[in-house]
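Q: The structure under discussion is supplied below as C-alpha coordinates; questions concerning it will follow.
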Amino acid sequence: DEETQTLYVTVETNNTAFALAVIDMGSKTLTSVDLEGNPPVDELFGMSWDPDSASLIGLMQNLATTGATNASASEESNGHGVNLISLDPMTAKWTVCALSS
(Lines give C-alpha, C1' and ligand atoms only; values in the text may rest on other atoms or scores of the structure.)
Protein backbone atom coordinates (compact mmCIF):
# COMPACT_ATOMS: atom_id res chain seq x y z
CA ASP A 1 0.00 0.00 0.00
CA GLU A 2 1.93 3.03 -1.26
CA GLU A 3 -0.26 5.54 0.55
CA THR A 4 0.34 4.11 4.02
CA GLN A 5 3.74 2.59 3.14
CA THR A 6 2.57 -0.85 4.25
CA LEU A 7 3.95 -4.09 2.84
CA TYR A 8 1.91 -7.31 2.93
CA VAL A 9 3.84 -10.52 2.37
CA THR A 10 3.24 -14.24 2.83
CA VAL A 11 5.75 -15.87 5.16
CA GLU A 12 6.37 -19.44 6.22
CA THR A 13 6.28 -19.68 10.01
CA ASN A 14 7.39 -23.32 10.03
CA ASN A 15 7.56 -26.26 7.60
CA THR A 16 3.77 -26.55 7.35
CA ALA A 17 2.30 -23.16 8.27
CA PHE A 18 1.95 -19.91 6.39
CA ALA A 19 1.05 -16.45 7.63
CA LEU A 20 0.44 -12.96 6.34
CA ALA A 21 3.02 -10.50 7.64
CA VAL A 22 2.24 -6.78 7.73
CA ILE A 23 5.25 -4.46 7.69
CA ASP A 24 5.24 -0.70 8.23
CA MET A 25 7.87 0.42 5.73
CA GLY A 26 8.10 3.92 7.19
CA SER A 27 9.26 2.71 10.59
CA LYS A 28 10.63 -0.57 9.22
CA THR A 29 8.73 -2.59 11.82
CA LEU A 30 6.70 -5.76 11.66
CA THR A 31 3.24 -4.70 12.82
CA SER A 32 1.48 -8.09 12.76
CA VAL A 33 1.61 -11.68 11.58
CA ASP A 34 -1.76 -13.29 10.95
CA LEU A 35 -1.31 -17.03 11.49
CA GLU A 36 -4.97 -17.91 11.35
CA GLY A 37 -7.43 -16.95 8.71
CA ASN A 38 -10.61 -17.88 6.97
CA PRO A 39 -9.70 -18.69 4.29
CA PRO A 40 -6.20 -19.83 5.17
CA VAL A 41 -3.44 -17.47 4.06
CA ASP A 42 -1.69 -20.23 2.10
CA GLU A 43 -4.62 -20.31 -0.35
CA LEU A 44 -3.88 -16.76 -1.55
CA PHE A 45 -2.06 -16.58 -4.92
CA GLY A 46 -0.97 -13.55 -6.93
CA MET A 47 -1.27 -11.18 -3.98
CA SER A 48 -1.53 -7.51 -4.96
CA TRP A 49 -2.62 -4.23 -3.40
CA ASP A 50 -5.77 -2.65 -4.90
CA PRO A 51 -5.63 1.09 -4.21
CA ASP A 52 -9.23 1.65 -5.39
CA SER A 53 -10.71 -0.62 -2.72
CA ALA A 54 -7.81 -0.17 -0.26
CA SER A 55 -7.58 -3.94 0.08
CA LEU A 56 -5.24 -6.81 -0.55
CA ILE A 57 -6.48 -9.00 -3.40
CA GLY A 58 -5.51 -12.31 -4.95
CA LEU A 59 -6.83 -15.60 -6.21
CA MET A 60 -7.60 -18.93 -4.60
CA GLN A 61 -8.63 -22.26 -6.06
CA ASN A 62 -12.28 -23.26 -5.74
CA LEU A 63 -12.60 -27.03 -5.40
CA ALA A 64 -16.20 -27.08 -4.24
CA THR A 65 -18.71 -29.25 -6.03
CA THR A 66 -20.65 -27.04 -8.42
CA GLY A 67 -23.75 -29.16 -8.82
CA ALA A 68 -23.43 -28.72 -12.59
CA THR A 69 -23.29 -31.84 -14.73
CA ASN A 70 -20.63 -32.64 -17.27
CA ALA A 71 -22.01 -32.64 -20.82
CA SER A 72 -20.48 -36.07 -21.52
CA ALA A 73 -21.32 -37.63 -18.15
CA SER A 74 -24.28 -37.84 -15.82
CA GLU A 75 -22.36 -37.04 -12.64
CA GLU A 76 -21.67 -33.75 -10.94
CA SER A 77 -18.41 -32.08 -11.87
CA ASN A 78 -15.92 -30.91 -9.29
CA GLY A 79 -15.67 -27.11 -9.43
CA HIS A 80 -12.06 -26.54 -10.43
CA GLY A 81 -12.71 -22.83 -10.57
CA VAL A 82 -11.11 -19.69 -9.23
CA ASN A 83 -12.21 -17.35 -6.46
CA LEU A 84 -11.25 -13.72 -6.01
CA ILE A 85 -10.16 -13.20 -2.41
CA SER A 86 -9.68 -9.85 -0.70
CA LEU A 87 -8.63 -8.62 2.72
CA ASP A 88 -9.74 -5.34 4.24
CA PRO A 89 -6.76 -4.49 6.47
CA MET A 90 -8.79 -2.03 8.55
CA THR A 91 -11.28 -4.69 9.68
CA ALA A 92 -9.11 -7.81 9.09
CA LYS A 93 -12.10 -9.28 7.21
CA TRP A 94 -11.59 -11.66 4.29
CA THR A 95 -14.06 -11.77 1.40
CA VAL A 96 -14.26 -14.59 -1.13
CA CYS A 97 -16.14 -14.25 -4.43
CA ALA A 98 -16.41 -16.97 -7.05
CA LEU A 99 -15.31 -15.87 -10.52
CA SER A 100 -17.54 -17.06 -13.33
CA SER A 101 -15.97 -18.63 -16.35
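Residues are named by chain letter and number: chains run A, B, ... in the order of the C-alpha coordinates, numbers start at 1 in each chain, and ligands are numbered from 1 in the order shown.
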Considering only C-alpha atoms, return as an MDAnalysis selection string whatever protein or nucleic-acid residues lie within 12 Å of range 2-4 of chain A, sequence-local ones (same chain, fewer than 3 positions apart) excluded.
A: chainID A and resid 7:8 22:27 48:52 54:55 89:90
Q: Could you dump the residues just selected with N, CA, C and O atoms as a short mmCIF file (atom, residue, chain, number, x, y, z; two decimals), in the first residue's frame?
A:
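selection27.cif written:
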```cif
data_model
loop_
_atom_site.label_atom_id
_atom_site.label_comp_id
_atom_site.auth_asym_id
_atom_site.auth_seq_id
_atom_site.Cartn_x
_atom_site.Cartn_y
_atom_site.Cartn_z
N LEU A 7 3.63 -2.94 3.67
CA LEU A 7 3.95 -4.09 2.84
C LEU A 7 3.25 -5.32 3.41
O LEU A 7 3.33 -5.58 4.61
N TYR A 8 2.56 -6.06 2.55
CA TYR A 8 1.91 -7.31 2.93
C TYR A 8 2.66 -8.43 2.22
O TYR A 8 2.86 -8.38 1.01
N VAL A 22 2.52 -8.17 8.05
CA VAL A 22 2.24 -6.78 7.73
C VAL A 22 3.40 -5.95 8.24
O VAL A 22 3.71 -5.98 9.44
N ILE A 23 4.04 -5.22 7.34
CA ILE A 23 5.25 -4.46 7.69
C ILE A 23 5.04 -2.98 7.40
O ILE A 23 4.65 -2.61 6.29
N ASP A 24 5.29 -2.15 8.39
CA ASP A 24 5.24 -0.70 8.23
C ASP A 24 6.60 -0.28 7.66
O ASP A 24 7.62 -0.33 8.36
N MET A 25 6.62 0.10 6.39
CA MET A 25 7.87 0.42 5.73
C MET A 25 8.46 1.75 6.21
O MET A 25 9.67 1.95 6.15
N GLY A 26 7.61 2.65 6.68
CA GLY A 26 8.10 3.92 7.19
C GLY A 26 8.97 3.76 8.41
O GLY A 26 10.07 4.30 8.50
N SER A 27 8.50 2.95 9.35
CA SER A 27 9.26 2.71 10.59
C SER A 27 10.10 1.44 10.52
O SER A 27 10.84 1.14 11.44
N SER A 48 -1.78 -8.86 -4.46
CA SER A 48 -1.53 -7.51 -4.96
C SER A 48 -2.34 -6.52 -4.14
O SER A 48 -3.38 -6.87 -3.58
N TRP A 49 -1.90 -5.28 -4.10
CA TRP A 49 -2.62 -4.23 -3.40
C TRP A 49 -3.54 -3.53 -4.40
O TRP A 49 -3.11 -3.13 -5.47
N ASP A 50 -4.82 -3.37 -4.06
CA ASP A 50 -5.77 -2.65 -4.90
C ASP A 50 -6.04 -1.29 -4.26
O ASP A 50 -6.75 -1.20 -3.26
N PRO A 51 -5.46 -0.22 -4.82
CA PRO A 51 -5.63 1.09 -4.21
C PRO A 51 -7.06 1.63 -4.28
O PRO A 51 -7.47 2.42 -3.44
N ASP A 52 -7.84 1.18 -5.27
CA ASP A 52 -9.23 1.65 -5.39
C ASP A 52 -10.10 1.17 -4.23
O ASP A 52 -10.92 1.92 -3.72
N ALA A 54 -8.68 -0.17 -1.44
CA ALA A 54 -7.81 -0.17 -0.26
C ALA A 54 -7.80 -1.55 0.40
O ALA A 54 -8.00 -1.70 1.59
N SER A 55 -7.60 -2.58 -0.44
CA SER A 55 -7.58 -3.94 0.08
C SER A 55 -6.54 -4.77 -0.64
O SER A 55 -6.11 -4.45 -1.75
N PRO A 89 -7.69 -4.54 5.34
CA PRO A 89 -6.76 -4.49 6.47
C PRO A 89 -7.27 -3.68 7.65
O PRO A 89 -6.81 -3.88 8.77
N MET A 90 -8.25 -2.82 7.44
CA MET A 90 -8.79 -2.03 8.55
C MET A 90 -9.67 -2.87 9.46
O MET A 90 -9.70 -2.67 10.66
#
```
Q: Leaving out Ala21 in chain A and any residue of its chain fewer than 2 positions from it, which residues lie within 12 Å of it when counting only C-alpha atoms, given as a VMD selection string?
A: chain A and resid 6 to 13 18 to 19 23 to 24 29 to 36 41 89
Q: Show me, as a list of chain:residue names, the residues that have an atom within 10 Å of range 56-58 of chain A when counting only C-alpha atoms, minus same-chain residues fewer than 5 positions from it.
A: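 The residues satisfying every condition are A:Asp1, A:Tyr8, A:Glu43, A:Leu44, A:Phe45, A:Gly46, A:Met47, A:Ser48, A:Trp49, A:Asp50, A:Pro51, A:Asn83, A:Leu84, A:Ile85, A:Ser86, A:Leu87, A:Asp88, A:Pro89, A:Trp94, A:Thr95, A:Val96.
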Q: With only C-alpha atoms as the basis for distance, which of A:Leu59, A:Lys28, A:Asn15, A:Ser53 is at the shortest distance from Leu99 in chain A?
A: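 Of A:Leu59, A:Lys28, A:Asn15, A:Ser53, the one nearest Leu99 in chain A, counting only C-alpha atoms, is A:Leu59.
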